[in-house]
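**Student:** My structure is below; once you've seen it, I'll send some questions.
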Amino acid sequence: MKTTDTPPSGSSSGTDDTSKVPAQRTGTGSKAPSAPAKRGEGQVLNVFSHGMLVVWAIMVVLPLFWAVMSSFKTDTDIFNTPWSLPSSLSFDAWGRAWSQAHMSEYFLNTILVVGGSLVGTLVLGSMAAYVLARFEFPGNRFIYFLFVGGMSFPIMLALVPLFFVMDNMGLLNTIHGLILVYIAYSLPFTVFFLTSFFRTLPTSVAEASIIDGASHTRTFFQVMLPMAKPGLISVGIFNFLGQWNQYMLPTVLNTDPEKRVLAQGLVELASSQGYKGDYSGLFAGLVIAMLPVLAAYIIFQRQVVSGLTAGALK
Amino acid sequence: MQHGKYRFIIGFLVAPMTLYVVFVIWPFIQSIYYSFTDWTGLSPDFKMVGFDNYTKMLDDDIFWKSLQHSVLLAVLLPLVTLGLALFFAFMLNVGGRRTKGAAVSGVRGSGFYKIAYFFPQVLSIAIVAILFQFAFDPAQGMINGTLKAVGFDDVPDWLGDPKLALWVIMAVLVWCTTGFFVVLFSAGMASIPKDFYEAALLDGASRITTFFRITLPLLWDTVQSGWVYMGILALGAEGFAIVHIMSVGPGGPDYSTTVLPLYVYQSAFRDGQAGYATTIGVALLIVTLAFAAIVMRVGRRERLEF
């Protein structure tokens with residue numbers, strides 16, 4: 001409704017300016033002859049590109065909107081009238097998904113796994129990165145490239161032997177085993193990113209604290225880590241999204257129904273609700289799973305975007 | 001500075017290194033070794049078989065299909081995703097030209113677009129896959145429901161149609177990855193000095209010229225790393241997740257959507273051919289490294305400092 005108004009108004013003002021700006025700025029008539037031709041080109045381009053922007057926005061938002069609406073509807077309404085608003089606001093399906101479909105347990109498992117991995121990744125990653133960035137020792141470059149090289153290896157190749165390694169260590173189908181694997185596979189990017197971040201921090205502060213009698217360990221935790229906070233936030237957001245997104249690792253290494261994380265639980269829910277025909281329950285499950293992160297993103301979107309892009313543009 | 005330096009270095013490296021070597025490096029080395037054995041994964045006994053697995057792989061039709069689909073994803077997906085993202089980011093940052101103060105600005109509502117486009121990135125890949133699995137459901141999904149409502153009776157089978165299934169999967173991957181790159185490129189474009197645009201504007205450059213002569217060259221490094229990143233995702237985790245959840249089978253119908261990581265997974269954990277699975281995994285490793293090398297090589301330009 002709102003979106004359809006935007007392209008015509010936006011485009012008309014846009015084209016006028018396109019032709020005016022050069023003429024006004026140059027203050028000579030030299031560019032004038034090309035102006036009419038450019039206006040025509042600009043007009044078509046404007047309508048087309050504004051249209052594309054609007055279409056993409058609709059394409060992104062509509063499926064999410066559809067899922068939210070469907071979670072309030074009855075199953076027959078979902079299919080017969082996909083675009084009508086739900087007749088009443090009933091949270092029945094949400095309740096079914098939360099308790100009967102074990103969404104609450106999956107949620108808890110996911111929070112444990114992602115929370116534990118995130119803290120572990122940041123602590124271990126920053127320790128390794130700090131040493132690699134700030135200290136000269138034999139093998140420094142080798143270790144650095146060992147970590148960084150891990151970014152381009154296909155994880156699936158390692159997962160076949162890893163499954164059996166973890167089975168032997170008794171870590172298969174355990175939450176703590178999964179946390180260790182998440183940390184290990186998050187280290188390459190984390191070390192890569194934080195190493196370049198620690199290199200940009202001034203050396204004088206660390207030297208001063210050593211002269212004052214602090215140990216290297218104490219300097220790291222009390223001086224360097226607080227200074228590295230922006231970098232830790234960036235890489236933390238990156239890892240949170242990556243670990244929250246993770247599907248391949250739990251699918252292979254965590255096959256116990258009790259220990260399922262959200263992604264696995266939803267896939268299970270999708271196939272079982274397909275048989276039971278409880279589609280509103282399924283959509284409610286999907287919405288429950290996507291709302292917290294979506295809400296957190298909308299609230300903190302400025303920080304998320306600046307954190308992420310600061311990381312990737314380095 | 002030297003006091004206890006090595007003790008400190010070792011103390012700080014030992015935990016991350018142990019974890020990394022045990023869970024990442026060691027399995028990689030093992031899997032290359034296993035690719036020369038007839039290990040089933042079910043029993044601890046196996047013997048060396050030389051290159052048998054590799055010759056078997058070259059005669060395996062499903063392997064060739066998986067390889068073909070993976071390569072197609074790695075080539076087309078970055079092209080479409082990055083192309084769209086560059087276009088959107090340009091429109092949102094430089095596309096609008098209003099004279100109020102700044103010489104360049106985004107189109108109207110660019111703040112809203114930037115927020116909305118990023119939505120798919122914060123949804124888990126599994127949620128996206130399930131959502132679209134139901135949206136593309138031939139009888140009851142949102143897409144065919146809409147098509148029928150506007151008068152198309154002969155609606156496609158989408159994921160059930162061997163000719164369409166892979167394209168549906170590719171479209172979903174484009175849907176969920178474009179937003180991240182729009183945001184990334186937007187940040188890159190914001191760091192390009194405004195004077196460049198003003199100068200181009202004074203010379204009467206059109207928006208298309210501005211894009212190809214100023215924005216793209218100055219953003220090239222970011223585009224290139226985005227390209228590698230996207231290709232690795234398509235060849236690895238993201239491609240696996242979408243195909244594994246969405247496609248019929250998974251990998252079907254009639255192997256029309258199978259990709260290399262999925263075939264590795266199925267050979268190892270469904271067919272009990274762990275040795276053979278690692279052989280396909282080695283092929284995947286070669287494809288991934290070749291892809292990264294080609295992009296870095298083809299994409300090499302003179303670095304522009306600004």
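Every chain in the structure tokens has a letter given in the order shown (A, B, ...), and although residue numbers restart at 1 in each chain, ligands are simply numbered from 1 in the order shown.
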Find the residues around Val168 of chain B up to 10 Å (only C-alpha atoms counted), leave out those fewer than 5 positions away in its own chain, and share them as a list of chain:residue names.

**Tutor:**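 These residues fall inside the cut-off: B:Phe132, B:Gln133, B:Phe136, B:Trp158, B:Leu159, B:Asp161, B:Lys163, B:Leu173, B:Val174, B:Met246, B:Ser247, B:Thr257.
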
**Student:** Counting only C-alpha atoms, what are the residues of segment 215-313 of chain A within 12 Å of segment 107-120 of chain A, and for each of them which pair of atoms is the nearest and at what distance in Å, to one decimal? Sort the table by chain and rising number, as CSV.

**Tutor:**
```
residue,atom,partner,partner_atom,distance
A:Leu232,CA,A:Val119,CA,10.7
A:Ile233,CA,A:Leu118,CA,11.1
A:Val235,CA,A:Leu118,CA,9.8
A:Gly236,CA,A:Leu118,CA,7.0
A:Ile237,CA,A:Leu118,CA,9.3
A:Phe238,CA,A:Leu118,CA,10.0
A:Asn239,CA,A:Leu118,CA,6.8
A:Phe240,CA,A:Leu118,CA,6.5
A:Leu241,CA,A:Val114,CA,9.5
A:Gly242,CA,A:Val114,CA,9.5
A:Gln243,CA,A:Val114,CA,6.1
A:Trp244,CA,A:Val114,CA,6.4
A:Asn245,CA,A:Val114,CA,9.9
A:Gln246,CA,A:Val114,CA,9.5
A:Tyr247,CA,A:Thr110,CA,11.4
A:Leu249,CA,A:Val113,CA,11.8
A:Pro250,CA,A:Val113,CA,10.2
A:Asn254,CA,A:Asn109,CA,11.4
A:Asp256,CA,A:Asn109,CA,11.9
A:Pro257,CA,A:Asn109,CA,11.2
A:Glu258,CA,A:Asn109,CA,9.1
A:Lys259,CA,A:Asn109,CA,6.5
A:Arg260,CA,A:Asn109,CA,6.8
A:Val261,CA,A:Thr110,CA,4.9
A:Leu262,CA,A:Phe107,CA,5.8
A:Ala263,CA,A:Thr110,CA,8.6
A:Gln264,CA,A:Thr110,CA,10.0
A:Gly265,CA,A:Phe107,CA,9.1
A:Leu266,CA,A:Phe107,CA,10.5
A:Gly285,CA,A:Phe107,CA,10.6
A:Leu286,CA,A:Phe107,CA,11.8
A:Ile288,CA,A:Phe107,CA,9.4
A:Ala289,CA,A:Phe107,CA,7.9
A:Met290,CA,A:Phe107,CA,11.2
A:Pro292,CA,A:Phe107,CA,10.8
A:Val293,CA,A:Ile111,CA,11.8
```

**Student:** Any idea what's packed within 8 Å of Leu289 of chain B, counting only C-alpha atoms, ignoring anything in its chain fewer than 4 positions away? Could you give it as a PyMOL selection string?

**Tutor:** (chain A and resi 152-153) or (chain B and resi 285+293)

**Student:** So which one's closest to chain B, A:Val123, A:Met224, A:Val131, A:Ile58? Using only C-alpha atoms, please.

**Tutor:**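 Comparing A:Val123, A:Met224, A:Val131, A:Ile58 against chain B, the winner is A:Val131.
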
**Student:** What does the distance between atom CA of Met170 of chain B and atom CA of Leu76 of chain B come to in Å, to one decimal place?

**Tutor:** 8.7 Å

**Student:** Would you list the contacts of segment 241-244 of chain B as a PyMOL selection string, taking every protein, DNA or RNA residue within 7 Å and counting only C-alpha atoms, but skipping same-chain residues closer than 3 positions in sequence?

**Tutor:** (chain A and resi 247-248) or (chain B and resi 126+129+169+237-238+247+250-251+257+262)

**Student:** Export, as a PDB file, in the first residue's frame, the selected residues with N, CA and C atoms.

**Tutor:**
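Writing the result to out27.pdb gives the following:
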```pdb
ATOM      1  N   TYR A 247      23.681 -25.587  10.541  1.00  0.00           N
ATOM      2  CA  TYR A 247      22.789 -26.723  10.318  1.00  0.00           C
ATOM      3  C   TYR A 247      23.573 -28.001  10.066  1.00  0.00           C
ATOM      4  N   MET A 248      24.680 -27.870   9.320  1.00  0.00           N
ATOM      5  CA  MET A 248      25.432 -29.052   8.911  1.00  0.00           C
ATOM      6  C   MET A 248      26.067 -29.763  10.107  1.00  0.00           C
TER       7      MET A 248
ATOM      8  N   ALA B 126      17.888 -22.952   8.211  1.00  0.00           N
ATOM      9  CA  ALA B 126      16.875 -23.999   8.279  1.00  0.00           C
ATOM     10  C   ALA B 126      15.477 -23.400   8.208  1.00  0.00           C
ATOM     11  N   ALA B 129      14.788 -22.463   4.638  1.00  0.00           N
ATOM     12  CA  ALA B 129      14.534 -23.624   3.794  1.00  0.00           C
ATOM     13  C   ALA B 129      13.130 -24.183   4.030  1.00  0.00           C
ATOM     14  N   ILE B 169      15.954 -23.987  -5.834  1.00  0.00           N
ATOM     15  CA  ILE B 169      16.936 -23.966  -4.752  1.00  0.00           C
ATOM     16  C   ILE B 169      17.898 -22.800  -4.913  1.00  0.00           C
ATOM     17  N   ALA B 237      28.492 -25.361   3.390  1.00  0.00           N
ATOM     18  CA  ALA B 237      27.433 -25.471   4.384  1.00  0.00           C
ATOM     19  C   ALA B 237      26.063 -25.024   3.888  1.00  0.00           C
ATOM     20  N   GLU B 238      26.019 -23.853   3.257  1.00  0.00           N
ATOM     21  CA  GLU B 238      24.727 -23.301   2.895  1.00  0.00           C
ATOM     22  C   GLU B 238      24.059 -24.127   1.791  1.00  0.00           C
ATOM     23  N   SER B 247      14.893 -30.256  -0.763  1.00  0.00           N
ATOM     24  CA  SER B 247      14.660 -31.077  -1.946  1.00  0.00           C
ATOM     25  C   SER B 247      14.013 -32.406  -1.579  1.00  0.00           C
ATOM     26  N   PRO B 250      16.520 -36.480   0.243  1.00  0.00           N
ATOM     27  CA  PRO B 250      16.954 -35.252  -0.447  1.00  0.00           C
ATOM     28  C   PRO B 250      17.907 -35.523  -1.614  1.00  0.00           C
ATOM     29  N   GLY B 251      18.001 -34.527  -2.471  1.00  0.00           N
ATOM     30  CA  GLY B 251      18.856 -34.639  -3.640  1.00  0.00           C
ATOM     31  C   GLY B 251      18.051 -34.851  -4.911  1.00  0.00           C
ATOM     32  N   THR B 257      18.921 -32.380  -7.887  1.00  0.00           N
ATOM     33  CA  THR B 257      19.402 -31.287  -7.045  1.00  0.00           C
ATOM     34  C   THR B 257      20.596 -31.688  -6.188  1.00  0.00           C
ATOM     35  N   LEU B 262      26.227 -32.989  -0.027  1.00  0.00           N
ATOM     36  CA  LEU B 262      25.127 -33.901   0.274  1.00  0.00           C
ATOM     37  C   LEU B 262      25.499 -35.332  -0.081  1.00  0.00           C
TER      38      LEU B 262
END
```

**Student:** So which residues of segment 123-282 of chain B fall under helix (DSSP H, G or I) by DSSP, listed as a PyMOL selection string?

**Tutor:** chain B and resi 125-135+142-149+158-160+165-190+194-202+207-235+237-246+260-269+274-282

**Student:** Just to confirm, what's the straight-line distance from atom CA of Lys65 of chain B to atom CA of Ile245 of chain B in Å (one decimal)?

**Tutor:**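 Going from atom CA of Lys65 of chain B over to atom CA of Ile245 of chain B covers 18.8 Å.
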
**Student:** So how many Å separate atom CA of Asp75 of chain A and atom CA of Ala284 of chain A, to one decimal?

**Tutor:**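 Separating atom CA of Asp75 of chain A from atom CA of Ala284 of chain A is a distance of 12.0 Å.
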
**Student:** Taking into account only C-alpha atoms, which residue in the set A:Phe283, A:Phe197, A:Tyr106, A:Phe192 is nearest to chain B?

**Tutor:**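 Smallest separation from chain B among the options: A:Phe283.
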
**Student:** Using only C-alpha atoms, which protein or nucleic acid residues come within 9 Å of segment 13-16 of chain B? Drop anything in the same chain fewer than 3 positions from it, and give the result as a PDB file with C-alpha atoms, in the first residue's frame.

**Tutor:**
```pdb
ATOM      1  CA  THR A 121      35.178 -18.775  20.561  1.00  0.00           C
ATOM      2  CA  LEU A 124      40.129 -18.826  22.799  1.00  0.00           C
ATOM      3  CA  GLY A 125      40.115 -16.880  19.529  1.00  0.00           C
ATOM      4  CA  MET A 127      44.005 -15.473  23.102  1.00  0.00           C
ATOM      5  CA  ALA A 128      45.417 -17.114  19.981  1.00  0.00           C
ATOM      6  CA  ALA A 129      45.046 -13.969  17.897  1.00  0.00           C
ATOM      7  CA  VAL A 131      49.788 -14.060  20.696  1.00  0.00           C
ATOM      8  CA  LEU A 132      49.994 -14.374  16.917  1.00  0.00           C
ATOM      9  CA  ILE A 183      34.341 -23.347  18.690  1.00  0.00           C
ATOM     10  CA  ALA A 184      36.913 -25.255  16.633  1.00  0.00           C
ATOM     11  CA  LEU A 187      38.334 -20.250  15.144  1.00  0.00           C
TER      12      LEU A 187
ATOM     13  CA  PHE B   8      52.996 -17.093  28.132  1.00  0.00           C
ATOM     14  CA  ILE B   9      52.891 -17.843  24.397  1.00  0.00           C
ATOM     15  CA  ILE B  10      52.542 -21.559  24.935  1.00  0.00           C
ATOM     16  CA  LEU B  19      40.919 -27.850  19.960  1.00  0.00           C
ATOM     17  CA  TYR B  20      41.659 -26.806  16.407  1.00  0.00           C
ATOM     18  CA  VAL B  21      44.031 -29.650  15.663  1.00  0.00           C
TER      19      VAL B  21
END
```

**Student:** With only C-alpha atoms as the basis for distance, which of A:Pro188, A:Gly307, A:Pro161, A:Gly177 is at the shortest distance from Lys229 of chain A?

**Tutor:**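 Checking each of A:Pro188, A:Gly307, A:Pro161, A:Gly177 against Lys229 of chain A, counting only C-alpha atoms, the winner is A:Gly307.
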
**Student:** Need the shell around Gly160 of chain B: protein/DNA/RNA residues with any atom at most 10 Å away, counting only C-alpha atoms. Skip same-chain ones fewer than 2 positions apart. Format as a PyMOL selection string?

**Tutor:** chain B and resi 136-138+156-158+162-165+247-248+252-254+256

**Student:** I need the chosen residues saved as a compact mmCIF listing (two decimals), in the first residue's frame, with C-alpha atoms.

**Tutor:**
```
# COMPACT_ATOMS: atom_id res chain seq x y z
CA PHE B 136 6.72 -23.78 -3.12
CA ASP B 137 4.43 -26.65 -2.17
CA PRO B 138 2.63 -27.43 -5.45
CA PRO B 156 4.33 -25.86 -11.97
CA ASP B 157 5.38 -28.65 -9.65
CA TRP B 158 8.47 -26.64 -8.49
CA PRO B 162 13.49 -32.33 -12.07
CA LYS B 163 13.90 -29.46 -14.53
CA LEU B 164 12.88 -26.76 -12.06
CA ALA B 165 14.01 -28.04 -8.67
CA SER B 247 14.66 -31.08 -1.95
CA VAL B 248 12.72 -34.28 -2.36
CA GLY B 252 15.96 -35.52 -5.89
CA PRO B 253 13.81 -35.81 -7.80
CA ASP B 254 15.98 -38.16 -9.82
CA SER B 256 18.38 -33.35 -10.08
```

**Student:** With distances taken over only C-alpha atoms, which residue among A:Arg141, A:Arg134, A:His102, A:Lys73 lies nearest chain B?

**Tutor:**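 Closest to chain B of all the choices is A:Arg134.
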
**Student:** Identify which of the residues B:Ala190, B:Phe185, B:Ile232, B:Phe119 lies closest to Leu284 of chain B, counting only C-alpha atoms when measuring atom-to-atom distances.

**Tutor:**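 Among the listed residues, B:Ile232 lies closest to Leu284 of chain B.
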